[in-house]
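What follows is a set of notes on a single structure, which appears directly below.
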Amino acid sequence: MKRLVIGLLVVLMSFACNQNKADKAADGNATKKSALPKGLIVNFNPDTRVIESGATLKGNIDNKTGIPYTYEVTSPQNCGELKLKDESAVEFTFVAKSHEADCTDEIKLALKGGEEIVNASFTIKVKAGAQEPELELRPDPIPDTWLMVNDYENTMQEHTFTCTRKPTGGEENVPGEEVEEELKLNLLKATFDTWQYEGASCTYADLPEGVTGVAALAYDLPYDDAFCGMFENLGLGKDCETDKRDLGNYQALTFLAKSGDAAEHKLYVEIVQWEKYAEFHQGKAAEFGPITIPADRWKRFQIPMEKLCRDDVQPFSVKSVSFKVKRAGHPDKGVILIDNVAFIKKVEE
C-alpha cells in the first residue's frame, strides 16, 4: 500500500511540476509579445504620466535596437487630445482637458519590425481641475446684457416664414419669387434644427415627464467617426438666406444642459463663420469641448468668446452656434436636454 501511495504522489508531483513549467512558458510568451524590445524606450515628461487639467504630456520613442521599427501611436482620448508631431509618430503630445473628477486615459503603441508586431500601453492620469462655483441657473429677470437665442418655450412648433427667394444665377434687378415656409424659428427669428454626419442621427425627442420648455436632443452614433448635433442660426434675411451676426461686443455664450437619461454625456460647442459665397453661407467652424453634461441636475455653462472663436472664426461675422456629440469616448445613444441659449454682452468698466 505504501509503495502505491508513494508512486501516486510522484506522478502527481511530476504532473504539477510539468504544468507549472507549461504555465510559466505560456506566461513568458505572453509577456514577450506585449513587452517592448530591449533597447527601445518610450520617454514621457513628466515620467509619472500624471498631469493637471489643461497641462501637456510630452512623449518620444528612443530606438537603440538597430531594427527599423515603424510606430503607430493612438489613444481613446477620453481625457484630452493626442497630437503627433509628424507621420513617423516618434514624438507626440497629449493635451489634457479640464475635468470635474480625476480622469484616466491611455497611450497605445504598436511597433512593427518585419512581420513582428509588438503592442504596449501606458496609463495617463489627468487630475481634476479647480472647479468654479456653480452659476445661477435661471436669473429672473433675464439680465439686459443677455441676447437670448432660444428658450424653447414656444419655438419648437413650426411657424410660417415669408421671404423672397432670388432666382439662382439671375441678375440683381430680376424680381424674386415670394415663398412661404413652415420653419422652426428661434427668438432671433432665425432657423434652428438638428443635423447629422456619417450615418449618425440627431432628432428632437419628446420631453421627459414633468419637463417643459426645453429642447431634448436624442442622438444615435453607430460608427466611430459618426457625429451629429443641433444648430441655432443667428439671422435670416427676407431673401430666404441665412444672415450674419456681429458678436464682437459679446463676451460669452451661456446655456443650460442636463442629461435626459441616466448617463453623463459629452457635448461640443461650435461657432460657425458666415461666408457670403459659400453654400448656405456656411464657413469654417471653431470647436470647443468636450464639456460634461451632468446626469442628475441642470447646470449652466458660460464659455468665453475667445475660447469659442479662436483664430478659426471671426466674432464679427458669425452664422450659427451648434451643439455636437461624437462617438469617441461616449455612449453611442442618449438624450441631452438644452435650454436658455444666449450670448452675454461685454460690460464697460
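Just remember, in the C-alpha cells the first chain shown is A, the second B, etc., residues are 1-based per chain, and ligands are 1-based in the order shown.
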Give me the residues within 7 Å of Ile271 in chain A as a ChimeraX atom specification, counting only C-alpha atoms and dropping any in the same chain fewer than 2 places off. /A:269,273,285-287,308-309,320-322
Exercise: Ala328 in chain A partners within 10 Å, only C-alpha atoms, chain neighbours under 5 positions left out, as a ChimeraX atom specification: /A:76-78,221,223-227,266
Find the residues around Leu137 in chain A up to 10 Å (only C-alpha atoms counted), leave out those fewer than 2 positions away in its own chain, and share them as a ChimeraX atom specification. /A:134-135,139-140,255-257,298-301,340
List every residue of range 57-174 of chain A that DSSP, applied to the backbone of this structure, places in strand (DSSP E), and write the result as a PyMOL selection string. chain A and resi 57-63+70-74+80-84+91-96+103-113+116-126+146-150+159-165
Find the residues around Ala263 in chain A up to 9 Å (only C-alpha atoms counted), leave out those fewer than 3 positions away in its own chain, and share them as a ChimeraX atom specification. /A:259-260,293-296,331,334-335
Output N, CA, C and O atoms of each residue in that selection to a file, as a PDB file, in the first residue's frame.
ATOM      1  N   SER A 259     -28.597  65.839 -18.563  1.00  0.00           N
ATOM      2  CA  SER A 259     -28.877  64.576 -19.229  1.00  0.00           C
ATOM      3  C   SER A 259     -30.380  64.317 -19.257  1.00  0.00           C
ATOM      4  O   SER A 259     -31.086  64.606 -18.287  1.00  0.00           O
ATOM      5  N   GLY A 260     -30.854  63.759 -20.375  1.00  0.00           N
ATOM      6  CA  GLY A 260     -32.259  63.374 -20.480  1.00  0.00           C
ATOM      7  C   GLY A 260     -32.474  61.914 -20.177  1.00  0.00           C
ATOM      8  O   GLY A 260     -33.584  61.401 -20.314  1.00  0.00           O
ATOM      9  N   ILE A 293     -21.923  66.866 -19.388  1.00  0.00           N
ATOM     10  CA  ILE A 293     -23.304  67.201 -19.045  1.00  0.00           C
ATOM     11  C   ILE A 293     -23.737  66.300 -17.891  1.00  0.00           C
ATOM     12  O   ILE A 293     -23.723  65.072 -18.021  1.00  0.00           O
ATOM     13  N   PRO A 294     -24.115  66.873 -16.744  1.00  0.00           N
ATOM     14  CA  PRO A 294     -24.450  66.055 -15.572  1.00  0.00           C
ATOM     15  C   PRO A 294     -25.681  65.184 -15.805  1.00  0.00           C
ATOM     16  O   PRO A 294     -26.584  65.541 -16.566  1.00  0.00           O
ATOM     17  N   ALA A 295     -25.698  64.058 -15.119  1.00  0.00           N
ATOM     18  CA  ALA A 295     -26.840  63.146 -15.227  1.00  0.00           C
ATOM     19  C   ALA A 295     -27.936  63.478 -14.228  1.00  0.00           C
ATOM     20  O   ALA A 295     -29.089  63.102 -14.420  1.00  0.00           O
ATOM     21  N   ASP A 296     -27.574  64.198 -13.162  1.00  0.00           N
ATOM     22  CA  ASP A 296     -28.511  64.337 -12.041  1.00  0.00           C
ATOM     23  C   ASP A 296     -29.042  65.746 -11.830  1.00  0.00           C
ATOM     24  O   ASP A 296     -29.874  65.962 -10.941  1.00  0.00           O
ATOM     25  N   PRO A 331     -21.142  57.346 -24.876  1.00  0.00           N
ATOM     26  CA  PRO A 331     -22.216  56.383 -25.172  1.00  0.00           C
ATOM     27  C   PRO A 331     -22.726  56.571 -26.593  1.00  0.00           C
ATOM     28  O   PRO A 331     -22.790  57.691 -27.090  1.00  0.00           O
ATOM     29  N   GLY A 334     -28.227  58.384 -26.626  1.00  0.00           N
ATOM     30  CA  GLY A 334     -28.570  59.141 -25.436  1.00  0.00           C
ATOM     31  C   GLY A 334     -29.450  60.334 -25.744  1.00  0.00           C
ATOM     32  O   GLY A 334     -29.798  60.597 -26.892  1.00  0.00           O
ATOM     33  N   VAL A 335     -29.790  61.058 -24.675  1.00  0.00           N
ATOM     34  CA  VAL A 335     -30.621  62.257 -24.791  1.00  0.00           C
ATOM     35  C   VAL A 335     -30.008  63.349 -23.925  1.00  0.00           C
ATOM     36  O   VAL A 335     -29.648  63.110 -22.762  1.00  0.00           O
TER      37      VAL A 335
END
